[in-house]
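Data first, discussion second: the structure below is written as structure tokens.
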Amino acid sequence: MRILVVEDEPRAGDYLRQGLGEAGFVVDVARDGHTGLHLATEQAYELIVLDVMLPGMDGWTLLRRLRETASGRQIPVLFLSARDALADRVKGLELGADDYLVKPFAFAELLARIRTLLRRGPLREEELLTIDDLRMNVPARTVTRAAQRIHLSAREFHLLHLFMRRQGEVLSRTEIASQVWDMNFDSDTNVVDVAVRRLRQRIDDPVPGRLIHAVRGMGYVCELRA
């Protein structure tokens with residue numbers, strides 16, 4: 001199995017290449033962020049071990065750009081970094097990393113985590129939702145359209161998730177309110193319409209090809225129309 005290590009410190013990179021090689025992996029090492037992203041998108045890897053502080057392009061940016069590509073959405077990524085603050089670990093996972101290990105580390109633990117990630121296999125179909133060029137990675141909580149990252153609030157993400165899971169189905173305002181807000185729909189309020197309008201501004205307005213449609217007298221539907 002082939003692993004990419006993106007690590008700018010020569011001794012650390014060589015140590016990982018040797019240790020993982022002795023464990024039976026084929027290992028490529030990139031010394032900067034730009035080279036790492038190029039290899040990650042041009043070669044087939046089963047897993048990427050990624051540092052945060054890199055010359056040229058940091059690990060945060062590399063991962064974000066990798067997850068925006070068709071080839072990089074399902075590659076397991078393990079951050080290996082000296083940045084040990086809780087905020088850094090949370091940020092890495094929110095950007096789409098599958099694990100985060102702090103330096104200094106025990107090689108046995110790194111190897112165990114790598115093997116655990118590789119046993120998981122690709123994301124299940126229900127974890128990767130796609131309509132035309134709109135894509136949602138549910139575990140990573142990321143959304144892209146036309147390969148551009150779309151930043152959504154938690155409520156907007158929940159609303160879009162409902163639409164994408166039920167694509168092609170007309171959803172009434174009552175059902176949307178129940179599923180997203182956990183409340184009964186009050187016909188005197190326009191909370192659903194306002195939320196859908198804001199979501200459409202983020203999803204549909206920047207690119208051609210509207211995906212979220214109003215159905216007069218019934219509700220809304222998410223689907224690609226000719």
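By convention in this document, the chains of the structure tokens carry letters A, B, ... by their order, each chain's residues are numbered from 1, and ligands are numbered from 1 in the order they are shown.
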Which residues come within 8 Å of Val6 in chain A, counting only C-alpha atoms, excluding same-chain residues fewer than 2 positions away, as number ranges by chain? A: 4, 8, 13, 29-33, 36, 48-51
Which residues come within 10 Å of Arg166 in chain A, counting only C-alpha atoms, excluding same-chain residues fewer than 4 positions away, as a count of residues only? 8
For Lys103 in chain A, please output as a list in words all residues within 7 Å (counting only C-alpha atoms; exclusion window: fewer than 5 positions along the same chain).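 The filter keeps Leu80, Ser81 and Ala82 of chain A.
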Can I get the residues of range 35-91 of chain A within 12 Å of range 130-143 of chain A, each with the closest pair of atoms and their distance in Å to one decimal, using only C-alpha atoms, sorted chain first then ascending number, as a tab-separated table?
```
residue	atom	partner	partner_atom	distance
A:Leu63	CA	A:Ala140	CA	11.6
A:Arg64	CA	A:Thr142	CA	9.5
A:Arg65	CA	A:Thr142	CA	11.8
A:Arg67	CA	A:Thr142	CA	8.6
A:Glu68	CA	A:Val143	CA	8.8
A:Thr69	CA	A:Arg135	CA	10.6
A:Ala70	CA	A:Arg135	CA	9.8
A:Gly72	CA	A:Asn137	CA	11.7
A:Arg73	CA	A:Asn137	CA	8.1
A:Gln74	CA	A:Asn137	CA	9.3
A:Pro76	CA	A:Ala140	CA	11.3
A:Val77	CA	A:Ala140	CA	11.5
A:Val90	CA	A:Ala140	CA	11.4
A:Lys91	CA	A:Ala140	CA	11.0
```
Would you export the selected residues with N, CA and C atoms as a PDB file, in the first residue's frame, please?
```
ATOM      1  N   LEU A  63      -4.868  20.473   2.808  1.00  0.00           N
ATOM      2  CA  LEU A  63      -6.006  19.579   3.020  1.00  0.00           C
ATOM      3  C   LEU A  63      -7.282  20.169   2.439  1.00  0.00           C
ATOM      4  N   ARG A  64      -7.516  21.454   2.660  1.00  0.00           N
ATOM      5  CA  ARG A  64      -8.723  22.077   2.118  1.00  0.00           C
ATOM      6  C   ARG A  64      -8.766  21.955   0.602  1.00  0.00           C
ATOM      7  N   ARG A  65      -7.644  22.224  -0.060  1.00  0.00           N
ATOM      8  CA  ARG A  65      -7.621  22.140  -1.518  1.00  0.00           C
ATOM      9  C   ARG A  65      -7.713  20.698  -1.997  1.00  0.00           C
ATOM     10  N   ARG A  67      -9.419  18.287  -0.527  1.00  0.00           N
ATOM     11  CA  ARG A  67     -10.801  17.845  -0.379  1.00  0.00           C
ATOM     12  C   ARG A  67     -11.725  18.462  -1.433  1.00  0.00           C
ATOM     13  N   GLU A  68     -11.277  19.487  -2.107  1.00  0.00           N
ATOM     14  CA  GLU A  68     -12.072  20.110  -3.165  1.00  0.00           C
ATOM     15  C   GLU A  68     -11.897  19.416  -4.509  1.00  0.00           C
ATOM     16  N   THR A  69     -10.974  18.455  -4.609  1.00  0.00           N
ATOM     17  CA  THR A  69     -10.737  17.746  -5.855  1.00  0.00           C
ATOM     18  C   THR A  69     -11.455  16.402  -5.851  1.00  0.00           C
ATOM     19  N   ALA A  70     -11.786  15.937  -7.037  1.00  0.00           N
ATOM     20  CA  ALA A  70     -12.493  14.654  -7.147  1.00  0.00           C
ATOM     21  C   ALA A  70     -11.642  13.507  -6.623  1.00  0.00           C
ATOM     22  N   GLY A  72      -9.310  13.628  -4.337  1.00  0.00           N
ATOM     23  CA  GLY A  72      -8.838  13.760  -2.975  1.00  0.00           C
ATOM     24  C   GLY A  72      -9.885  13.680  -1.891  1.00  0.00           C
ATOM     25  N   ARG A  73     -11.134  13.435  -2.256  1.00  0.00           N
ATOM     26  CA  ARG A  73     -12.197  13.480  -1.253  1.00  0.00           C
ATOM     27  C   ARG A  73     -12.183  12.288  -0.307  1.00  0.00           C
ATOM     28  N   GLN A  74     -11.723  11.127  -0.792  1.00  0.00           N
ATOM     29  CA  GLN A  74     -11.839   9.914   0.007  1.00  0.00           C
ATOM     30  C   GLN A  74     -10.510   9.439   0.575  1.00  0.00           C
ATOM     31  N   PRO A  76      -7.786   8.975   3.141  1.00  0.00           N
ATOM     32  CA  PRO A  76      -7.624   9.246   4.573  1.00  0.00           C
ATOM     33  C   PRO A  76      -6.403  10.132   4.810  1.00  0.00           C
ATOM     34  N   VAL A  77      -6.554  11.125   5.674  1.00  0.00           N
ATOM     35  CA  VAL A  77      -5.457  12.048   6.003  1.00  0.00           C
ATOM     36  C   VAL A  77      -5.269  12.061   7.514  1.00  0.00           C
ATOM     37  N   VAL A  90      -8.996  20.446  16.631  1.00  0.00           N
ATOM     38  CA  VAL A  90     -10.373  20.617  16.158  1.00  0.00           C
ATOM     39  C   VAL A  90     -10.384  21.161  14.733  1.00  0.00           C
ATOM     40  N   LYS A  91      -9.542  22.148  14.458  1.00  0.00           N
ATOM     41  CA  LYS A  91      -9.484  22.727  13.118  1.00  0.00           C
ATOM     42  C   LYS A  91      -9.127  21.666  12.080  1.00  0.00           C
TER      43      LYS A  91
END
```
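The coordinates place CA of Tyr100 in chain A at 21.4 Å from CA of Val26 in chain A.
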Atomic separation - CA of Glu94 in chain A relative to CA of Pro206 in chain A, Å: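 Between CA of Pro206 in chain A and CA of Glu94 in chain A the gap is 23.8 Å.
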Closest of A:Arg113, A:Ile203, A:Asp88, A:Leu118 to Glu156 in chain A - atom-to-atom distances counting only C-alpha atoms: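 Of the candidates, the smallest distance to Glu156 in chain A is held by A:Ile203.
Shortest separation to Leu128 in chain A among A:Val52, A:Met164, A:Leu93, A:Val191 occurs at residue A:Met164, atoms counted being only C-alpha atoms.
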Could you work out how far CA of Thr116 in chain A lies from CA of Arg2 in chain A, giving the answer in Å with one decimal?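 Atom-to-atom, CA of Arg2 in chain A and CA of Thr116 in chain A are spaced 15.2 Å apart.
Selecting alpha helix (DSSP H) from the backbone DSSP output for range 27-85 of chain A yields A:Gly33, A:His34, A:Thr35, A:Gly36, A:Leu37, A:His38, A:Leu39, A:Ala40, A:Thr41, A:Glu42, A:Gly59, A:Trp60, A:Thr61, A:Leu62, A:Leu63, A:Arg64, A:Arg65, A:Leu66, A:Arg67.
Closest approach to Glu127 in chain A among A:Arg83, A:Met53, A:Arg165, A:Val196: A:Arg165, based on only C-alpha atoms.
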